[in-house]
Amino acid sequence: MLPDKERAPRNQTITLNSQEQRKYKKRLLQLDQPVELPDILNRTIHQDLFEVIDFLPKQTIDLLFIDPPYNLNKTFNTHRFKKQPLADYANWLDRCLAKLAGLLKPTASLYICSDWQSSAAVFEAIKDRFQICNRITWEREKGRGARSNWKNSAEDIWFCTVSDTYTFNVEAVKLKRKVIAPYQLNGNPKDWHRTAKGNYRLTHPSNLWTDLTIPFWSMPENTDHPTQKPEKLVAKIILASSNPGDVVFDPFLGSGTTSVVAQKLGRQYFGVEQDEVYACLAEKRLDIAKLKPLIQGYSEGVFWERNSLKEQVRSPGDQGLSQPAKSNDQELSGD
């Protein structure tokens with residue numbers, strides 16, 4: 001178990017007590033032989049990736065989301081990742097990707113997360129193995145200030161495909177922005193819409209993401225995992241590069257964000273996580289997501305700018321993915 005912490009009354013962090021850990025541990029899979037896809041669909045595998053990767057079924061994955069340990073000294077509960085020379089880290093990634101590549105369908109896409117220092121190593125590991133489509137940079141607004149350098153507040157995500165045939169649903173990932181200069185043509189809005197809540201336009205998604213909020217204590221998706229990605233970030237990727245019913249795989253699952261978002265968006269999923277506590281947290285979050293399918297910052301079938309969505313309501317376009325916000329405080333603390 002993670003150590004108990006004293007938490008503020010409004011703290012919404014998802015935690016795990018010993019009784020819950022025993023309960024969710026029973027759901028976790030461990031593999032000792034090759035399996036078929038139905039055996040692992042919508043499940044969490046609790047093992048080291050390299051122990052199980054040869055047992056996973058080939059050419060079954062539509063979307064691969066990889067958030068590996070960055071090349072930093074970092075402790076993940078009982079596991080510690082030690083910084084390596086960049087060439088060694090690139091070789092480690094290359095060994096991972098060499099195994100993972102065989103699991104992908106010919107039409108699959110993959111996204112690989114990195115910080116600025118390890119981004120070059122990711123490029124070396126993917127440049128001769130996949131088709132590189134783009135490098136997304138997203139604003140990570142949290143972080144410590146630096147006295148003798150620029151504050152590190154951005155991370156990269158490399159977007160790759162196996163072939164020229166792949167899924168990209170651009171209409172599913174447009175961003176709703178408030179119109180600052182509402183240009184009109186013959187008295188009518190040009191490329192924007194009037195609403196009771198203001199004037200907005202839908203904009204095409206770019207490779208610069210500034211609308212995300214790192215999960216923290218007052219957000220209901222938050223856990224104590226030290227490198228948890230926002231559900232909104234993963235939702236952009238899943239909606240863009242998969243279709244309902246497709247299979248999404250995360251080989252470094254952590255506290256389960258990829259599986260949770262895939263479930264909320266009607267995809268199938270499985271993930272691998274070596275730490276028992278985080279794997280159990282993933283299962284608990286999946287249970288919560290069945291009752292609370294909200295993705296903060298995503299409503300009415302579109303993504304909203306950070307802190308611009310004051311109320312989330314159900315509508316036919318939501319497909320049941322949004323529900324009324326409890327209060328403006330919840331919204332202002334996140335997206």
# chains A, B, ... in the order shown; residues from 1 in each chain; ligands from 1
$ closest_atom_pairs --of "stretch 246-289 of chain A" --to "stretch 64-78 of chain A" --cutoff "9 Å" --atoms "only C-alpha atoms" --output "CSV"
residue,atom,partner,partner_atom,distance
A:Val247,CA,A:Leu64,CA,8.7
A:Val248,CA,A:Leu64,CA,5.9
A:Phe249,CA,A:Leu64,CA,5.0
A:Asp250,CA,A:Phe65,CA,5.1
A:Pro251,CA,A:Ile66,CA,6.4
A:Phe252,CA,A:Pro68,CA,5.9
A:Leu253,CA,A:Asp67,CA,7.8
A:Gly254,CA,A:Asp67,CA,8.8
A:Thr258,CA,A:Phe65,CA,7.6
A:Asp275,CA,A:Thr78,CA,7.3
A:Val277,CA,A:Asn77,CA,8.1
A:Tyr278,CA,A:Asn77,CA,8.4
$ select_by_dssp --residues "stretch 252-296 of chain A" --states "helix (DSSP H, G or I)" --output "PyMOL selection string"
chain A and resi 257-264+276-291
$ write_last_selection --atoms "N, CA and C atoms" --output "PDB file, in the first residue's frame"
ATOM      1  N   THR A 257      -5.011   5.262 -16.197  1.00  0.00           N
ATOM      2  CA  THR A 257      -5.713   6.304 -16.942  1.00  0.00           C
ATOM      3  C   THR A 257      -6.116   5.839 -18.340  1.00  0.00           C
ATOM      4  N   THR A 258      -5.236   5.157 -19.055  1.00  0.00           N
ATOM      5  CA  THR A 258      -5.556   4.732 -20.425  1.00  0.00           C
ATOM      6  C   THR A 258      -6.738   3.780 -20.438  1.00  0.00           C
ATOM      7  N   SER A 259      -6.744   2.797 -19.552  1.00  0.00           N
ATOM      8  CA  SER A 259      -7.863   1.847 -19.500  1.00  0.00           C
ATOM      9  C   SER A 259      -9.157   2.550 -19.124  1.00  0.00           C
ATOM     10  N   VAL A 260      -9.087   3.461 -18.165  1.00  0.00           N
ATOM     11  CA  VAL A 260     -10.277   4.181 -17.703  1.00  0.00           C
ATOM     12  C   VAL A 260     -10.887   4.994 -18.835  1.00  0.00           C
ATOM     13  N   VAL A 261     -10.057   5.741 -19.555  1.00  0.00           N
ATOM     14  CA  VAL A 261     -10.566   6.581 -20.638  1.00  0.00           C
ATOM     15  C   VAL A 261     -11.079   5.722 -21.787  1.00  0.00           C
ATOM     16  N   ALA A 262     -10.381   4.634 -22.090  1.00  0.00           N
ATOM     17  CA  ALA A 262     -10.864   3.733 -23.137  1.00  0.00           C
ATOM     18  C   ALA A 262     -12.247   3.199 -22.794  1.00  0.00           C
ATOM     19  N   GLN A 263     -12.449   2.804 -21.550  1.00  0.00           N
ATOM     20  CA  GLN A 263     -13.765   2.316 -21.122  1.00  0.00           C
ATOM     21  C   GLN A 263     -14.821   3.407 -21.267  1.00  0.00           C
ATOM     22  N   LYS A 264     -14.510   4.625 -20.829  1.00  0.00           N
ATOM     23  CA  LYS A 264     -15.461   5.720 -20.927  1.00  0.00           C
ATOM     24  C   LYS A 264     -15.844   6.031 -22.369  1.00  0.00           C
ATOM     25  N   GLU A 276       1.814  -3.632  -7.822  1.00  0.00           N
ATOM     26  CA  GLU A 276       0.504  -4.151  -7.420  1.00  0.00           C
ATOM     27  C   GLU A 276      -0.449  -3.042  -6.986  1.00  0.00           C
ATOM     28  N   VAL A 277       0.030  -2.075  -6.234  1.00  0.00           N
ATOM     29  CA  VAL A 277      -0.844  -1.007  -5.750  1.00  0.00           C
ATOM     30  C   VAL A 277      -1.425  -0.219  -6.908  1.00  0.00           C
ATOM     31  N   TYR A 278      -0.581   0.157  -7.866  1.00  0.00           N
ATOM     32  CA  TYR A 278      -1.071   0.924  -9.005  1.00  0.00           C
ATOM     33  C   TYR A 278      -2.029   0.091  -9.853  1.00  0.00           C
ATOM     34  N   ALA A 279      -1.731  -1.196 -10.017  1.00  0.00           N
ATOM     35  CA  ALA A 279      -2.625  -2.072 -10.776  1.00  0.00           C
ATOM     36  C   ALA A 279      -3.994  -2.166 -10.101  1.00  0.00           C
ATOM     37  N   CYS A 280      -3.997  -2.247  -8.772  1.00  0.00           N
ATOM     38  CA  CYS A 280      -5.269  -2.284  -8.041  1.00  0.00           C
ATOM     39  C   CYS A 280      -5.992  -0.940  -8.129  1.00  0.00           C
ATOM     40  N   LEU A 281      -5.247   0.153  -8.095  1.00  0.00           N
ATOM     41  CA  LEU A 281      -5.851   1.472  -8.282  1.00  0.00           C
ATOM     42  C   LEU A 281      -6.535   1.570  -9.640  1.00  0.00           C
ATOM     43  N   ALA A 282      -5.901   0.994 -10.656  1.00  0.00           N
ATOM     44  CA  ALA A 282      -6.511   0.996 -11.994  1.00  0.00           C
ATOM     45  C   ALA A 282      -7.863   0.296 -11.967  1.00  0.00           C
ATOM     46  N   GLU A 283      -7.930  -0.839 -11.270  1.00  0.00           N
ATOM     47  CA  GLU A 283      -9.202  -1.567 -11.188  1.00  0.00           C
ATOM     48  C   GLU A 283     -10.256  -0.776 -10.417  1.00  0.00           C
ATOM     49  N   LYS A 284      -9.844  -0.115  -9.354  1.00  0.00           N
ATOM     50  CA  LYS A 284     -10.792   0.702  -8.602  1.00  0.00           C
ATOM     51  C   LYS A 284     -11.311   1.851  -9.467  1.00  0.00           C
ATOM     52  N   ARG A 285     -10.416   2.494 -10.219  1.00  0.00           N
ATOM     53  CA  ARG A 285     -10.830   3.604 -11.084  1.00  0.00           C
ATOM     54  C   ARG A 285     -11.783   3.131 -12.178  1.00  0.00           C
ATOM     55  N   LEU A 286     -11.592   1.926 -12.670  1.00  0.00           N
ATOM     56  CA  LEU A 286     -12.510   1.377 -13.674  1.00  0.00           C
ATOM     57  C   LEU A 286     -13.908   1.199 -13.093  1.00  0.00           C
ATOM     58  N   ASP A 287     -13.983   0.770 -11.840  1.00  0.00           N
ATOM     59  CA  ASP A 287     -15.286   0.654 -11.177  1.00  0.00           C
ATOM     60  C   ASP A 287     -15.944   2.028 -11.034  1.00  0.00           C
ATOM     61  N   ILE A 288     -15.164   3.005 -10.605  1.00  0.00           N
ATOM     62  CA  ILE A 288     -15.698   4.362 -10.441  1.00  0.00           C
ATOM     63  C   ILE A 288     -16.182   4.922 -11.773  1.00  0.00           C
ATOM     64  N   ALA A 289     -15.435   4.645 -12.844  1.00  0.00           N
ATOM     65  CA  ALA A 289     -15.768   5.196 -14.160  1.00  0.00           C
ATOM     66  C   ALA A 289     -17.102   4.683 -14.684  1.00  0.00           C
ATOM     67  N   LYS A 290     -17.500   3.496 -14.255  1.00  0.00           N
ATOM     68  CA  LYS A 290     -18.800   2.978 -14.692  1.00  0.00           C
ATOM     69  C   LYS A 290     -19.948   3.832 -14.140  1.00  0.00           C
ATOM     70  N   LEU A 291     -19.737   4.401 -12.973  1.00  0.00           N
ATOM     71  CA  LEU A 291     -20.764   5.227 -12.337  1.00  0.00           C
ATOM     72  C   LEU A 291     -20.594   6.704 -12.678  1.00  0.00           C
TER      73      LEU A 291
END
$ select_by_dssp --residues "stretch 51-113 of chain A" --states "strand (DSSP E)" --output "JSON, numbers by chain"
{"A": [61, 62, 63, 64, 65, 66, 74, 75, 76, 79, 80, 81, 104, 105, 106, 107, 108, 109, 110, 111, 112, 113]}
$ atom_distance --atom1 "atom CA of A:Leu86" --atom2 "atom CA of A:Ala120"
8.4 Å
$ closest_residue --among "A:Ala98, A:Met219, A:Val234, A:Leu175" --to "A:Arg129" --atoms "only C-alpha atoms"
A:Ala98
$ closest_residue --among "A:Phe55, A:Trp116, A:Trp209, A:Tyr111" --to "A:Asp39" --atoms "only C-alpha atoms"
A:Phe55
$ residues_around --residues "A:Ala121" --least-positions-apart "5" --cutoff "9 Å" --atoms "only C-alpha atoms" --output "count of residues only"
8
$ residues_around --residues "A:Leu29" --least-positions-apart "2" --cutoff "7 Å" --atoms "only C-alpha atoms" --output "PyMOL selection string"
chain A and resi 27+31+44-46
$ closest_residue --among "A:Lys174, A:Lys23, A:Lys105, A:Lys127" --to "A:Ser206" --atoms "only C-alpha atoms"
A:Lys174
$ residues_around --residues "stretch 212-215 of chain A" --least-positions-apart "5" --cutoff "8 Å" --atoms "only C-alpha atoms" --output "CSV table (one decimal) with N, CA and C atoms, in the first residue's frame"
chain,number,residue,atom,x,y,z
A,138,TRP,N,2.9,19.4,-25.3
A,138,TRP,CA,1.8,19.8,-24.4
A,138,TRP,C,2.3,20.5,-23.2
A,139,GLU,N,1.5,21.6,-22.8
A,139,GLU,CA,1.9,22.4,-21.6
A,139,GLU,C,1.6,21.7,-20.3
A,140,ARG,N,2.7,21.4,-19.6
A,140,ARG,CA,2.5,20.8,-18.3
A,140,ARG,C,2.7,21.9,-17.3
A,141,GLU,N,1.6,22.5,-16.8
A,141,GLU,CA,1.6,23.8,-16.2
A,141,GLU,C,2.2,23.7,-14.7
A,142,LYS,N,2.2,22.5,-14.2
A,142,LYS,CA,2.8,22.3,-12.9
A,142,LYS,C,4.3,22.2,-13.0
A,221,GLU,N,-10.2,12.7,-10.6
A,221,GLU,CA,-9.4,11.6,-11.3
A,221,GLU,C,-8.0,11.4,-10.7
A,222,ASN,N,-7.7,12.2,-9.7
A,222,ASN,CA,-6.3,12.2,-9.1
A,222,ASN,C,-6.0,11.0,-8.3
A,223,THR,N,-4.8,10.5,-8.4
A,223,THR,CA,-4.2,9.4,-7.6
A,223,THR,C,-2.9,9.9,-7.1
A,228,GLN,N,1.1,10.7,-13.3
A,228,GLN,CA,-0.2,10.5,-13.9
A,228,GLN,C,-0.5,11.5,-15.0
A,229,LYS,N,-1.0,11.0,-16.1
A,229,LYS,CA,-1.4,11.8,-17.2
A,229,LYS,C,-2.9,12.2,-17.1
A,230,PRO,N,-3.3,13.4,-17.6
A,230,PRO,CA,-4.7,13.8,-17.5
A,230,PRO,C,-5.6,12.9,-18.4
A,232,LYS,N,-8.0,13.9,-19.9
A,232,LYS,CA,-8.3,14.7,-21.2
A,232,LYS,C,-7.3,14.5,-22.2
A,233,LEU,N,-6.0,14.4,-21.8
A,233,LEU,CA,-4.9,14.1,-22.8
A,233,LEU,C,-5.1,12.8,-23.5
A,306,ARG,N,-9.0,25.2,-21.3
A,306,ARG,CA,-8.9,25.1,-19.8
A,306,ARG,C,-9.7,26.2,-19.1
A,334,GLY,N,-9.7,22.3,-12.3
A,334,GLY,CA,-9.2,21.5,-13.3
A,334,GLY,C,-9.3,22.2,-14.7
A,335,ASP,N,-9.9,21.5,-15.6
A,335,ASP,CA,-10.0,22.0,-17.0
A,335,ASP,C,-11.1,23.0,-17.1
$ atom_distance --atom1 "atom CA of A:Arg177" --atom2 "atom CA of A:Leu202"
6.3 Å
$ closest_residue --among "A:Lys178, A:Lys197, A:Ile112, A:Glu171" --to "A:Phe159" --atoms "only C-alpha atoms"
A:Ile112
$ residues_around --residues "A:Val35" --least-positions-apart "5" --cutoff "9 Å" --atoms "only C-alpha atoms" --output "PDB file with N, CA and C atoms, in the first residue's frame"
ATOM      1  N   ILE A  40      -7.538 -11.525 -22.352  1.00  0.00           N
ATOM      2  CA  ILE A  40      -6.953 -10.369 -21.668  1.00  0.00           C
ATOM      3  C   ILE A  40      -7.726  -9.076 -21.904  1.00  0.00           C
ATOM      4  N   PHE A  55       3.973 -13.400 -24.541  1.00  0.00           N
ATOM      5  CA  PHE A  55       2.730 -14.169 -24.406  1.00  0.00           C
ATOM      6  C   PHE A  55       1.522 -13.453 -25.034  1.00  0.00           C
ATOM      7  N   LEU A  56       1.681 -12.181 -25.384  1.00  0.00           N
ATOM      8  CA  LEU A  56       0.548 -11.393 -25.875  1.00  0.00           C
ATOM      9  C   LEU A  56       0.270 -11.693 -27.346  1.00  0.00           C
ATOM     10  N   PRO A  57      -0.986 -11.640 -27.761  1.00  0.00           N
ATOM     11  CA  PRO A  57      -1.346 -12.028 -29.134  1.00  0.00           C
ATOM     12  C   PRO A  57      -0.867 -11.017 -30.169  1.00  0.00           C
TER      13      PRO A  57
END
$ closest_residue --among "A:Arg10, A:Gln59, A:Ser119, A:Ala108" --to "A:Glu36" --atoms "only C-alpha atoms"
A:Gln59
$ closest_residue --among "A:Leu97, A:Tyr166, A:Ala146, A:Ala172" --to "A:Cys133" --atoms "only C-alpha atoms"
A:Tyr166
$ atom_distance --atom1 "atom CA of A:Pro244" --atom2 "atom CA of A:Tyr269"
11.2 Å
